[in-house]
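A.B. asks: If it helps, the file is called model.cif and holds mmCIF, C-alpha atoms (C1' of nucleotides):
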data_data
#
loop_
_atom_site.group_PDB
_atom_site.id
_atom_site.type_symbol
_atom_site.label_atom_id
_atom_site.label_comp_id
_atom_site.auth_asym_id
_atom_site.auth_seq_id
_atom_site.Cartn_x
_atom_site.Cartn_y
_atom_site.Cartn_z
ATOM 1 C CA MET A 1 0.000 0.000 0.000
ATOM 2 C CA VAL A 2 2.380 2.611 1.262
ATOM 3 C CA GLU A 3 5.410 2.555 -0.947
ATOM 4 C CA THR A 4 8.672 4.058 0.230
ATOM 5 C CA PRO A 5 10.151 6.682 -2.077
ATOM 6 C CA ARG A 6 13.162 5.309 -3.851
ATOM 7 C CA ASN A 7 16.598 6.468 -2.993
ATOM 8 C CA THR A 8 17.863 7.826 -6.274
ATOM 9 C CA ARG A 9 20.969 9.786 -7.124
ATOM 10 C CA GLN A 10 18.840 12.775 -8.075
ATOM 11 C CA ARG A 11 16.893 12.757 -4.845
ATOM 12 C CA ARG A 12 20.104 12.588 -2.854
ATOM 13 C CA ALA A 13 21.597 15.413 -4.901
ATOM 14 C CA VAL A 14 18.665 17.727 -4.277
ATOM 15 C CA GLY A 15 18.744 16.875 -0.597
ATOM 16 C CA ALA A 16 22.470 17.595 -0.458
ATOM 17 C CA ILE A 17 22.003 21.061 -1.891
ATOM 18 C CA LEU A 18 19.342 21.810 0.657
ATOM 19 C CA ASP A 19 21.696 20.658 3.404
ATOM 20 C CA ASP A 20 24.355 23.056 2.230
ATOM 21 C CA LEU A 21 22.130 26.056 1.783
ATOM 22 C CA ASP A 22 21.573 28.546 4.512
ATOM 23 C CA GLY A 23 18.549 30.434 3.292
ATOM 24 C CA PHE A 24 15.729 29.761 0.927
ATOM 25 C CA ALA A 25 16.338 28.906 -2.688
ATOM 26 C CA SER A 26 14.056 28.511 -5.654
ATOM 27 C CA ALA A 27 13.812 25.281 -7.601
ATOM 28 C CA GLN A 28 15.627 26.931 -10.468
ATOM 29 C CA GLU A 29 18.477 28.105 -8.263
ATOM 30 C CA ILE A 30 18.841 24.617 -6.892
ATOM 31 C CA HIS A 31 18.897 23.289 -10.424
ATOM 32 C CA ASP A 32 21.627 25.788 -11.351
ATOM 33 C CA ILE A 33 23.750 24.816 -8.356
ATOM 34 C CA LEU A 34 23.434 21.159 -9.292
ATOM 35 C CA GLU A 35 24.626 21.997 -12.765
ATOM 36 C CA GLN A 36 27.614 23.921 -11.409
ATOM 37 C CA ARG A 37 28.540 20.911 -9.340
ATOM 38 C CA GLY A 38 28.402 18.768 -12.423
ATOM 39 C CA GLU A 39 25.371 16.815 -11.229
ATOM 40 C CA LYS A 40 22.997 16.248 -14.085
ATOM 41 C CA VAL A 41 19.437 16.449 -12.860
ATOM 42 C CA GLY A 42 16.512 17.552 -14.971
ATOM 43 C CA LEU A 43 14.651 20.641 -13.872
ATOM 44 C CA SER A 44 11.359 18.786 -13.637
ATOM 45 C CA THR A 45 13.008 16.200 -11.452
ATOM 46 C CA VAL A 46 14.153 18.945 -9.123
ATOM 47 C CA TYR A 47 10.590 20.196 -8.905
ATOM 48 C CA ARG A 48 9.238 16.710 -8.321
ATOM 49 C CA ASN A 49 11.746 15.881 -5.619
ATOM 50 C CA LEU A 50 11.212 19.158 -3.844
ATOM 51 C CA GLN A 51 7.521 18.380 -3.788
ATOM 52 C CA VAL A 52 8.238 14.961 -2.338
ATOM 53 C CA LEU A 53 10.346 16.548 0.384
ATOM 54 C CA VAL A 54 7.684 19.110 1.179
ATOM 55 C CA ASP A 55 5.065 16.380 1.423
ATOM 56 C CA ALA A 56 7.343 14.479 3.764
ATOM 57 C CA ALA A 57 7.641 17.669 5.855
ATOM 58 C CA GLU A 58 11.385 17.557 5.449
ATOM 59 C CA VAL A 59 11.406 20.834 3.639
ATOM 60 C CA ASP A 60 9.556 24.077 4.112
ATOM 61 C CA SER A 61 8.328 26.145 1.225
ATOM 62 C CA LEU A 62 7.148 29.699 1.033
ATOM 63 C CA ARG A 63 6.272 32.050 -1.728
ATOM 64 C CA GLY A 64 8.656 34.899 -2.427
ATOM 65 C CA ASP A 65 7.612 38.439 -3.202
ATOM 66 C CA ASP A 66 7.846 37.766 -6.883
ATOM 67 C CA GLY A 67 5.625 34.743 -6.615
ATOM 68 C CA GLU A 68 8.125 31.968 -7.004
ATOM 69 C CA LEU A 69 8.298 29.093 -4.561
ATOM 70 C CA LEU A 70 11.304 29.008 -2.267
ATOM 71 C CA TYR A 71 12.460 25.940 -0.411
ATOM 72 C CA ARG A 72 14.500 25.351 2.666
ATOM 73 C CA ARG A 73 15.390 22.430 4.877
ATOM 74 C CA CYS A 74 13.759 23.403 8.057
ATOM 75 C CA SER A 75 13.127 22.300 11.604
ATOM 76 C CA ALA A 76 9.812 20.868 12.640
ATOM 77 C CA GLY A 77 7.043 22.724 14.366
ATOM 78 C CA HIS A 78 5.284 25.934 13.589
ATOM 79 C CA HIS A 79 7.515 28.927 13.264
ATOM 80 C CA HIS A 80 8.135 31.971 11.149
ATOM 81 C CA HIS A 81 11.023 33.322 9.147
ATOM 82 C CA LEU A 82 13.109 36.402 9.422
ATOM 83 C CA VAL A 83 14.712 36.872 6.043
ATOM 84 C CA CYS A 84 17.466 39.256 5.007
ATOM 85 C CA ARG A 85 16.318 40.952 1.844
ATOM 86 C CA SER A 86 19.884 41.463 0.762
ATOM 87 C CA CYS A 87 21.773 38.213 1.350
ATOM 88 C CA GLY A 88 18.843 35.898 1.950
ATOM 89 C CA ARG A 89 20.086 34.756 5.353
ATOM 90 C CA THR A 90 17.210 33.288 7.284
ATOM 91 C CA VAL A 91 16.482 32.963 10.970
ATOM 92 C CA GLU A 92 13.658 30.847 12.255
ATOM 93 C CA VAL A 93 11.693 32.507 14.996
ATOM 94 C CA GLU A 94 8.837 31.326 17.134
ATOM 95 C CA GLY A 95 6.053 33.599 18.171
ATOM 96 C CA PRO A 96 3.623 32.379 20.776
ATOM 97 C CA THR A 97 2.564 36.008 21.094
ATOM 98 C CA VAL A 98 1.555 36.149 17.478
ATOM 99 C CA GLU A 99 -0.126 32.786 17.486
ATOM 100 C CA ARG A 100 -2.314 33.822 20.346
ATOM 101 C CA TRP A 101 -3.070 37.173 18.838
ATOM 102 C CA ALA A 102 -4.031 35.668 15.500
ATOM 103 C CA ASP A 103 -6.311 33.111 17.094
ATOM 104 C CA ARG A 104 -7.976 35.708 19.252
ATOM 105 C CA VAL A 105 -8.552 38.229 16.484
ATOM 106 C CA ALA A 106 -9.871 35.565 14.151
ATOM 107 C CA GLY A 107 -12.145 34.209 16.848
ATOM 108 C CA GLU A 108 -13.554 37.662 17.520
ATOM 109 C CA HIS A 109 -14.679 37.770 13.907
ATOM 110 C CA GLY A 110 -16.243 34.342 14.060
ATOM 111 C CA PHE A 111 -13.558 32.567 12.086
ATOM 112 C CA ARG A 112 -12.542 28.985 12.796
ATOM 113 C CA ASP A 113 -9.782 26.594 11.824
ATOM 114 C CA ILE A 114 -7.270 29.379 11.857
ATOM 115 C CA GLU A 115 -4.017 29.267 9.980
ATOM 116 C CA HIS A 116 -1.667 32.093 9.331
ATOM 117 C CA THR A 117 1.447 33.005 7.459
ATOM 118 C CA LEU A 118 3.958 35.519 8.688
ATOM 119 C CA GLU A 119 7.251 36.481 7.202
ATOM 120 C CA ILE A 120 9.513 39.228 8.399
ATOM 121 C CA PHE A 121 11.917 40.929 6.040
ATOM 122 C CA GLY A 122 14.795 43.187 6.920
ATOM 123 C CA THR A 123 18.442 43.872 6.367
ATOM 124 C CA CYS A 124 20.759 41.815 8.499
ATOM 125 C CA GLU A 125 23.744 43.103 10.427
ATOM 126 C CA GLN A 126 26.358 42.206 7.827
ATOM 127 C CA CYS A 127 24.394 43.669 4.954
ATOM 128 C CA GLY A 128 23.464 46.754 6.942
ATOM 129 C CA ARG A 129 26.855 48.464 6.635
ATOM 130 C CA MET B 1 6.695 66.859 -15.021
ATOM 131 C CA VAL B 2 4.340 64.797 -13.013
ATOM 132 C CA GLU B 3 1.594 63.788 -15.345
ATOM 133 C CA THR B 4 -1.821 62.906 -14.003
ATOM 134 C CA PRO B 5 -3.158 59.530 -15.094
ATOM 135 C CA ARG B 6 -5.893 60.012 -17.612
ATOM 136 C CA ASN B 7 -9.446 59.285 -16.734
ATOM 137 C CA THR B 8 -10.381 56.606 -19.207
ATOM 138 C CA ARG B 9 -13.435 54.423 -19.456
ATOM 139 C CA GLN B 10 -11.338 51.371 -18.781
ATOM 140 C CA ARG B 11 -9.747 52.813 -15.669
ATOM 141 C CA ARG B 12 -13.153 53.780 -14.338
ATOM 142 C CA ALA B 13 -14.525 50.331 -15.140
ATOM 143 C CA VAL B 14 -11.786 48.553 -13.222
ATOM 144 C CA GLY B 15 -12.241 50.930 -10.308
ATOM 145 C CA ALA B 16 -15.986 50.287 -10.314
ATOM 146 C CA ILE B 17 -15.502 46.542 -10.032
ATOM 147 C CA LEU B 18 -13.164 47.009 -7.126
ATOM 148 C CA ASP B 19 -15.756 49.205 -5.431
ATOM 149 C CA ASP B 20 -18.360 46.483 -5.750
ATOM 150 C CA LEU B 21 -16.193 43.631 -4.599
ATOM 151 C CA ASP B 22 -16.028 42.573 -1.016
ATOM 152 C CA GLY B 23 -12.984 40.374 -0.930
ATOM 153 C CA PHE B 24 -9.874 39.993 -3.012
ATOM 154 C CA ALA B 25 -10.067 39.195 -6.679
ATOM 155 C CA SER B 26 -7.463 38.294 -9.233
ATOM 156 C CA ALA B 27 -6.878 40.348 -12.335
ATOM 157 C CA GLN B 28 -8.412 37.609 -14.387
ATOM 158 C CA GLU B 29 -11.539 37.464 -12.271
ATOM 159 C CA ILE B 30 -11.942 41.199 -12.596
ATOM 160 C CA HIS B 31 -11.548 40.853 -16.336
ATOM 161 C CA ASP B 32 -14.236 38.168 -16.398
ATOM 162 C CA ILE B 33 -16.645 40.309 -14.404
ATOM 163 C CA LEU B 34 -16.101 43.193 -16.785
ATOM 164 C CA GLU B 35 -16.926 40.914 -19.661
ATOM 165 C CA GLN B 36 -20.104 39.736 -17.978
ATOM 166 C CA ARG B 37 -21.144 43.339 -17.531
ATOM 167 C CA GLY B 38 -20.581 43.933 -21.190
ATOM 168 C CA GLU B 39 -17.619 46.243 -20.623
ATOM 169 C CA LYS B 40 -14.927 45.536 -23.115
ATOM 170 C CA VAL B 41 -11.534 45.947 -21.513
ATOM 171 C CA GLY B 42 -8.450 44.092 -22.595
ATOM 172 C CA LEU B 43 -6.833 41.812 -20.063
ATOM 173 C CA SER B 44 -3.536 43.613 -20.256
ATOM 174 C CA THR B 45 -5.314 46.886 -19.632
ATOM 175 C CA VAL B 46 -6.822 45.408 -16.503
ATOM 176 C CA TYR B 47 -3.357 44.424 -15.335
ATOM 177 C CA ARG B 48 -1.950 47.826 -16.152
ATOM 178 C CA ASN B 49 -4.711 49.718 -14.405
ATOM 179 C CA LEU B 50 -4.503 47.551 -11.351
ATOM 180 C CA GLN B 51 -0.812 48.325 -11.197
ATOM 181 C CA VAL B 52 -1.553 52.038 -11.451
ATOM 182 C CA LEU B 53 -4.004 51.760 -8.597
ATOM 183 C CA VAL B 54 -1.551 49.828 -6.466
ATOM 184 C CA ASP B 55 1.128 52.437 -7.118
ATOM 185 C CA ALA B 56 -1.325 55.117 -6.103
ATOM 186 C CA ALA B 57 -1.965 53.146 -2.915
ATOM 187 C CA GLU B 58 -5.647 53.023 -3.752
ATOM 188 C CA VAL B 59 -5.573 49.286 -3.959
ATOM 189 C CA ASP B 60 -3.889 46.613 -1.936
ATOM 190 C CA SER B 61 -2.420 43.501 -3.459
ATOM 191 C CA LEU B 62 -1.364 40.248 -1.949
ATOM 192 C CA ARG B 63 -0.254 36.950 -3.320
ATOM 193 C CA GLY B 64 -2.612 34.016 -2.972
ATOM 194 C CA ASP B 65 -1.572 30.522 -2.021
ATOM 195 C CA ASP B 66 -1.318 29.530 -5.633
ATOM 196 C CA GLY B 67 0.928 32.466 -6.401
ATOM 197 C CA GLU B 68 -1.467 34.705 -8.264
ATOM 198 C CA LEU B 69 -1.849 38.352 -7.374
ATOM 199 C CA LEU B 70 -5.081 39.368 -5.695
ATOM 200 C CA TYR B 71 -6.335 42.920 -5.497
ATOM 201 C CA ARG B 72 -8.673 44.758 -3.243
ATOM 202 C CA ARG B 73 -9.714 48.328 -2.644
ATOM 203 C CA CYS B 74 -8.480 48.885 0.788
ATOM 204 C CA SER B 75 -8.203 51.415 3.548
ATOM 205 C CA ALA B 76 -4.997 53.264 4.199
ATOM 206 C CA GLY B 77 -2.449 52.400 6.821
ATOM 207 C CA HIS B 78 -0.716 49.227 7.726
ATOM 208 C CA HIS B 79 -3.014 46.354 8.496
ATOM 209 C CA HIS B 80 -3.457 42.679 7.893
ATOM 210 C CA HIS B 81 -6.126 40.487 6.398
ATOM 211 C CA LEU B 82 -8.307 37.807 7.782
ATOM 212 C CA VAL B 83 -9.533 35.829 4.807
ATOM 213 C CA CYS B 84 -12.211 33.158 4.651
ATOM 214 C CA ARG B 85 -10.767 30.241 2.770
ATOM 215 C CA SER B 86 -14.186 29.210 1.600
ATOM 216 C CA CYS B 87 -16.051 32.330 0.469
ATOM 217 C CA GLY B 88 -13.164 34.761 0.285
ATOM 218 C CA ARG B 89 -14.741 37.260 2.645
ATOM 219 C CA THR B 90 -12.052 39.523 4.019
ATOM 220 C CA VAL B 91 -11.728 41.466 7.218
ATOM 221 C CA GLU B 92 -9.024 44.017 7.758
ATOM 222 C CA VAL B 93 -7.407 43.811 11.136
ATOM 223 C CA GLU B 94 -4.793 45.882 12.832
ATOM 224 C CA GLY B 95 -2.211 44.415 15.071
ATOM 225 C CA PRO B 96 -0.077 46.728 17.135
ATOM 226 C CA THR B 97 0.858 43.670 19.170
ATOM 227 C CA VAL B 98 2.250 41.950 16.149
ATOM 228 C CA GLU B 99 4.018 45.001 14.819
ATOM 229 C CA ARG B 100 5.846 45.429 18.067
ATOM 230 C CA TRP B 101 6.674 41.774 18.345
ATOM 231 C CA ALA B 102 8.044 41.641 14.810
ATOM 232 C CA ASP B 103 10.203 44.709 15.337
ATOM 233 C CA ARG B 104 11.545 43.407 18.603
ATOM 234 C CA VAL B 105 12.367 39.930 17.345
ATOM 235 C CA ALA B 106 14.004 41.308 14.237
ATOM 236 C CA GLY B 107 16.006 43.776 16.277
ATOM 237 C CA GLU B 108 17.224 41.042 18.579
ATOM 238 C CA HIS B 109 18.734 39.355 15.567
ATOM 239 C CA GLY B 110 20.388 42.517 14.320
ATOM 240 C CA PHE B 111 17.982 43.164 11.480
ATOM 241 C CA ARG B 112 16.983 46.640 10.383
ATOM 242 C CA ASP B 113 14.408 48.273 8.124
ATOM 243 C CA ILE B 114 11.842 45.727 9.123
ATOM 244 C CA GLU B 115 8.833 44.902 7.036
ATOM 245 C CA HIS B 116 6.491 42.014 7.450
ATOM 246 C CA THR B 117 3.571 40.282 5.855
ATOM 247 C CA LEU B 118 0.884 38.513 7.792
ATOM 248 C CA GLU B 119 -2.252 36.886 6.528
ATOM 249 C CA ILE B 120 -4.699 34.903 8.571
ATOM 250 C CA PHE B 121 -6.874 32.269 6.967
ATOM 251 C CA GLY B 122 -9.864 30.562 8.438
ATOM 252 C CA THR B 123 -13.458 29.605 7.837
ATOM 253 C CA CYS B 124 -15.958 32.354 8.536
ATOM 254 C CA GLU B 125 -19.172 31.957 10.491
ATOM 255 C CA GLN B 126 -21.453 31.516 7.480
ATOM 256 C CA CYS B 127 -19.222 28.975 5.808
ATOM 257 C CA GLY B 128 -18.603 27.121 9.045
ATOM 258 C CA ARG B 129 -21.988 25.383 9.080
ATOM 259 C "C1'" DA C 1 -1.740 68.406 -31.866
ATOM 260 C "C1'" DT C 2 0.450 65.937 -28.572
ATOM 261 C "C1'" DT C 3 0.918 62.523 -25.339
ATOM 262 C "C1'" DC C 4 -1.007 58.841 -22.752
ATOM 263 C "C1'" DT C 5 -3.735 54.497 -23.201
ATOM 264 C "C1'" DT C 6 -5.553 50.558 -25.210
ATOM 265 C "C1'" DG C 7 -5.802 46.037 -27.488
ATOM 266 C "C1'" DC C 8 -3.828 42.314 -29.480
ATOM 267 C "C1'" DA C 9 -0.496 39.078 -30.124
ATOM 268 C "C1'" DA C 10 3.732 37.459 -28.869
ATOM 269 C "C1'" DA C 11 7.127 36.886 -25.171
ATOM 270 C "C1'" DC C 12 8.231 35.476 -20.538
ATOM 271 C "C1'" DT C 13 8.542 33.080 -16.138
ATOM 272 C "C1'" DA C 14 7.548 29.596 -13.085
ATOM 273 C "C1'" DT C 15 5.654 25.186 -12.825
ATOM 274 C "C1'" DT C 16 3.362 20.885 -14.388
ATOM 275 C "C1'" DT C 17 2.541 16.854 -17.206
ATOM 276 C "C1'" DG C 18 2.713 12.932 -20.870
ATOM 277 C "C1'" DC C 19 5.405 9.425 -22.162
ATOM 278 C "C1'" DA C 20 9.163 6.297 -23.387
ATOM 279 C "C1'" DG C 21 13.217 4.670 -21.586
ATOM 280 C "C1'" DA C 22 16.364 4.096 -17.372
ATOM 281 C "C1'" DA C 23 17.055 2.942 -12.638
ATOM 282 C "C1'" DC C 24 15.899 0.972 -8.160
ATOM 283 C "C1'" DA C 25 14.293 -2.803 -4.961
ATOM 284 C "C1'" DT D 1 10.955 -8.367 -12.983
ATOM 285 C "C1'" DG D 2 7.879 -4.947 -11.842
ATOM 286 C "C1'" DT D 3 7.403 -0.482 -10.475
ATOM 287 C "C1'" DT D 4 8.897 3.931 -9.621
ATOM 288 C "C1'" DC D 5 11.741 7.727 -11.429
ATOM 289 C "C1'" DT D 6 13.862 10.534 -14.792
ATOM 290 C "C1'" DG D 7 14.505 13.523 -18.789
ATOM 291 C "C1'" DC D 8 12.813 15.928 -22.415
ATOM 292 C "C1'" DA D 9 9.617 18.438 -24.751
ATOM 293 C "C1'" DA D 10 5.260 20.299 -24.872
ATOM 294 C "C1'" DA D 11 1.469 22.239 -22.202
ATOM 295 C "C1'" DT D 12 -0.304 25.507 -18.575
ATOM 296 C "C1'" DA D 13 -1.068 29.647 -16.010
ATOM 297 C "C1'" DG D 14 -0.339 34.180 -14.787
ATOM 298 C "C1'" DT D 15 1.683 38.259 -16.111
ATOM 299 C "C1'" DT D 16 4.331 41.500 -19.021
ATOM 300 C "C1'" DT D 17 5.638 43.931 -23.217
ATOM 301 C "C1'" DG D 18 6.101 45.886 -28.195
ATOM 302 C "C1'" DC D 19 3.767 48.378 -31.242
ATOM 303 C "C1'" DA D 20 0.311 50.583 -34.141
ATOM 304 C "C1'" DA D 21 -4.150 52.568 -33.662
ATOM 305 C "C1'" DG D 22 -7.347 55.222 -30.607
ATOM 306 C "C1'" DA D 23 -8.703 58.483 -26.967
ATOM 307 C "C1'" DA D 24 -7.984 62.201 -23.619
ATOM 308 C "C1'" DT D 25 -6.424 66.792 -22.633
#
Is it possible to express this structure as structure tokens?
C.D. replies:
Amino acid sequence: MVETPRNTRQRRAVGAILDDLDGFASAQEIHDILEQRGEKVGLSTVYRNLQVLVDAAEVDSLRGDDGELLYRRCSAGHHHHLVCRSCGRTVEVEGPTVERWADRVAGEHGFRDIEHTLEIFGTCEQCGR
Amino acid sequence: MVETPRNTRQRRAVGAILDDLDGFASAQEIHDILEQRGEKVGLSTVYRNLQVLVDAAEVDSLRGDDGELLYRRCSAGHHHHLVCRSCGRTVEVEGPTVERWADRVAGEHGFRDIEHTLEIFGTCEQCGR
DNA sequence: ATTCTTGCAAACTATTTGCAGAACA
DNA sequence: TGTTCTGCAAATAGTTTGCAAGAAT
């Protein structure tokens, strides 16, 4: 019934890139990096494997300002991202304050099954000079 | 030097749709509605006028889960949206709590020039039955 | 009259999908 | 061996752009 995903060279390669990356990267960027490293992996395969990883909750995805999907290997649990708009460095932050606020506000308006997305953008220390 | 945007039928038509809408709508949806009303406006013109309105801060835009841009006539000032995932009804909410939290957290990590995006999704009272 | 706007078609970007052959278990 | 996976090319979807014709001031 439940088949285990196969352990292919391409899947490992995509995973390896994600391990090495610090911030978020788009599927296309990941594909480019693979090419630079001499790993031949089709672009569609990159997309498919990223999707597999997202489904397995091994990778987090968010949509960038320009609408493209960005991926990052990411710790479990609900949290938000603080992203440097210059170098892309990312810090994961938790926000019980925000969670509570969002639930309360939504509840006051009669909404249920609340979800929320929150991203913080700024310029990090190194890029600030 | 600074030229005023011209007051064209098409621009008025797009504005009128936005006035009538309650929630967010995509450019394509707005184009469809115009067609239903018998107003002939090219799709690209809809896109261009929406962009003009966004630049003029008369309209707010946000990116939906599927990556498409959604537009809505929207009050001034910084605020967030509480969107019903079923009917699309939208409530604008303010969150001084969140603003402060975001600034503080970002500051603690050495980030400057903070911006953030926050959207809350849920099921509204009417759709909850 | 002059300059901004529109409409259409073509171009683009990001992403998905069909399918035949290759690779894993 | 029997599936699952991959690569390529073609298909989608949303959005943008070039350009000649049309409208606003």
A.B. asks: Would you work out the distance separating atom C1' of D:DA23 from atom CA of B:Thr8, expressed in Å to one decimal?
C.D. replies: 8.2 Å
A.B. asks: Carefully work through the PyMOL selection byres ((chain B) within 10 of (chain D)) for this structure and note down the residues it includes, as number ranges by chain.
C.D. replies: B: 6-9, 26-28, 44, 47-48, 67-69
A.B. asks: Which residues of chain B sit at most 10 Å from chain A, using only C-alpha atoms? Give each one's shortest atom pair and distance in Å (one decimal place), in chain and ascending residue order, as a Markdown table.
C.D. replies:
| residue | atom | partner | partner_atom | distance |
| --- | --- | --- | --- | --- |
| B:Leu62 | CA | A:Asp65 | CA | 9.2 |
| B:Arg63 | CA | A:Gly67 | CA | 7.1 |
| B:Gly64 | CA | A:Gly67 | CA | 9.0 |
| B:Asp65 | CA | A:Arg63 | CA | 8.0 |
| B:Asp66 | CA | A:Gly67 | CA | 8.7 |
| B:Gly67 | CA | A:Gly67 | CA | 5.2 |
| B:Glu68 | CA | A:Gly67 | CA | 7.3 |
| B:Leu69 | CA | A:Gly67 | CA | 8.3 |
| B:His81 | CA | A:Ala106 | CA | 9.9 |
| B:Leu82 | CA | A:Ala106 | CA | 6.9 |
| B:Val83 | CA | A:Phe111 | CA | 8.9 |
| B:Cys84 | CA | A:Phe111 | CA | 7.6 |
| B:Arg85 | CA | A:Ile114 | CA | 9.8 |
| B:Val91 | CA | A:His109 | CA | 8.2 |
| B:Val93 | CA | A:Val105 | CA | 7.8 |
| B:Glu94 | CA | A:Val105 | CA | 9.3 |
| B:Gly95 | CA | A:Trp101 | CA | 8.2 |
| B:Thr97 | CA | A:Trp101 | CA | 7.6 |
| B:Val98 | CA | A:Val98 | CA | 6.0 |
| B:Glu99 | CA | A:Val98 | CA | 9.6 |
| B:Trp101 | CA | A:Thr97 | CA | 7.6 |
| B:Ala102 | CA | A:Ile120 | CA | 7.0 |
| B:Asp103 | CA | A:Ile120 | CA | 8.9 |
| B:Val105 | CA | A:Val93 | CA | 7.8 |
| B:Ala106 | CA | A:Leu82 | CA | 6.9 |
| B:Gly107 | CA | A:Cys124 | CA | 9.3 |
| B:His109 | CA | A:Cys124 | CA | 7.8 |
| B:Gly110 | CA | A:Glu125 | CA | 5.2 |
| B:Phe111 | CA | A:Cys124 | CA | 4.3 |
| B:Arg112 | CA | A:Thr123 | CA | 5.1 |
| B:Asp113 | CA | A:Gly122 | CA | 5.2 |
| B:Ile114 | CA | A:Gly122 | CA | 4.5 |
| B:Glu115 | CA | A:Phe121 | CA | 5.1 |
| B:His116 | CA | A:Ile120 | CA | 4.2 |
| B:Thr117 | CA | A:Glu119 | CA | 5.5 |
| B:Leu118 | CA | A:Leu118 | CA | 4.4 |
| B:Glu119 | CA | A:Thr117 | CA | 5.4 |
| B:Ile120 | CA | A:His116 | CA | 4.2 |
| B:Phe121 | CA | A:Glu115 | CA | 5.1 |
| B:Gly122 | CA | A:Ile114 | CA | 4.5 |
| B:Thr123 | CA | A:Arg112 | CA | 5.1 |
| B:Cys124 | CA | A:Phe111 | CA | 4.3 |
| B:Glu125 | CA | A:Gly110 | CA | 5.2 |
| B:Gln126 | CA | A:Gly110 | CA | 8.9 |
| B:Cys127 | CA | A:Phe111 | CA | 9.2 |
| B:Gly128 | CA | A:Arg112 | CA | 7.4 |
A.B. asks: The PyMOL selection byres ((chain C) within 8 of (chain B)) on the file shown: which residues, as an MDAnalysis selection string?
C.D. replies: chainID C and resid 4 6:7
A.B. asks: What does the structure give for the distance between atom CA of A:Leu70 and atom CA of B:Pro96, in Å to one decimal?
C.D. replies: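 We find that atom CA of A:Leu70 and atom CA of B:Pro96 lie 28.6 Å from each other.
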A.B. asks: What does the distance between atom CA of B:Cys87 and atom CA of B:Glu29 come to in Å, to one decimal place?
C.D. replies: 14.5 Å
A.B. asks: Tell me which residues the PyMOL selection byres ((chain A and resi 57) around 12) grabs here, as number ranges by chain.
C.D. replies: A: 50-56, 58-61, 71-78
A.B. asks: Would you compute, for all listed atoms of stretch 25-31 of chain B, the axis-aligned bounding box grown by 5 Å on each side, and then report its centre and edge lengths in Å rounded to one decimal, as AutoDock Vina command-line options?
C.D. replies:
--center_x -9.4 --center_y 39.3 --center_z -11.5 --size_x 15.1 --size_y 13.7 --size_z 19.7
A.B. asks: Provide stretch 63-76 of chain B rebuilt to N, CA and C atoms, formatted as an mmCIF file, keeping the file's coordinate frame.
C.D. replies:
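File produced: part_39.cif:
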data_model
loop_
_atom_site.group_PDB
_atom_site.id
_atom_site.type_symbol
_atom_site.label_atom_id
_atom_site.label_comp_id
_atom_site.auth_asym_id
_atom_site.auth_seq_id
_atom_site.Cartn_x
_atom_site.Cartn_y
_atom_site.Cartn_z
ATOM 1 N N ARG B 63 -0.412 38.132 -2.497
ATOM 2 C CA ARG B 63 -0.254 36.950 -3.320
ATOM 3 C C ARG B 63 -0.988 35.773 -2.693
ATOM 4 N N GLY B 64 -1.845 35.155 -3.474
ATOM 5 C CA GLY B 64 -2.612 34.016 -2.972
ATOM 6 C C GLY B 64 -1.741 32.785 -2.824
ATOM 7 N N ASP B 65 -2.314 31.749 -2.253
ATOM 8 C CA ASP B 65 -1.572 30.522 -2.021
ATOM 9 C C ASP B 65 -1.025 29.934 -3.314
ATOM 10 N N ASP B 66 -1.751 30.108 -4.378
ATOM 11 C CA ASP B 66 -1.318 29.530 -5.633
ATOM 12 C C ASP B 66 -0.421 30.479 -6.411
ATOM 13 N N GLY B 67 -0.055 31.588 -5.779
ATOM 14 C CA GLY B 67 0.928 32.466 -6.401
ATOM 15 C C GLY B 67 0.362 33.569 -7.274
ATOM 16 N N GLU B 68 -0.939 33.634 -7.419
ATOM 17 C CA GLU B 68 -1.467 34.705 -8.264
ATOM 18 C C GLU B 68 -1.711 35.949 -7.425
ATOM 19 N N LEU B 69 -1.663 37.098 -8.072
ATOM 20 C CA LEU B 69 -1.849 38.352 -7.374
ATOM 21 C C LEU B 69 -3.333 38.629 -7.189
ATOM 22 N N LEU B 70 -3.700 39.029 -5.995
ATOM 23 C CA LEU B 70 -5.081 39.368 -5.695
ATOM 24 C C LEU B 70 -5.135 40.839 -5.324
ATOM 25 N N TYR B 71 -6.210 41.488 -5.724
ATOM 26 C CA TYR B 71 -6.335 42.920 -5.497
ATOM 27 C C TYR B 71 -7.598 43.232 -4.720
ATOM 28 N N ARG B 72 -7.504 44.313 -3.958
ATOM 29 C CA ARG B 72 -8.673 44.758 -3.243
ATOM 30 C C ARG B 72 -8.559 46.228 -2.892
ATOM 31 N N ARG B 73 -9.654 46.935 -3.095
ATOM 32 C CA ARG B 73 -9.714 48.328 -2.644
ATOM 33 C C ARG B 73 -9.608 48.259 -1.140
ATOM 34 N N CYS B 74 -8.876 49.168 -0.561
ATOM 35 C CA CYS B 74 -8.480 48.885 0.788
ATOM 36 C C CYS B 74 -8.103 50.151 1.518
ATOM 37 N N SER B 75 -8.442 50.205 2.778
ATOM 38 C CA SER B 75 -8.203 51.415 3.548
ATOM 39 C C SER B 75 -6.717 51.652 3.733
ATOM 40 N N ALA B 76 -6.403 52.906 4.060
ATOM 41 C CA ALA B 76 -4.997 53.264 4.199
ATOM 42 C C ALA B 76 -4.402 52.712 5.487
#
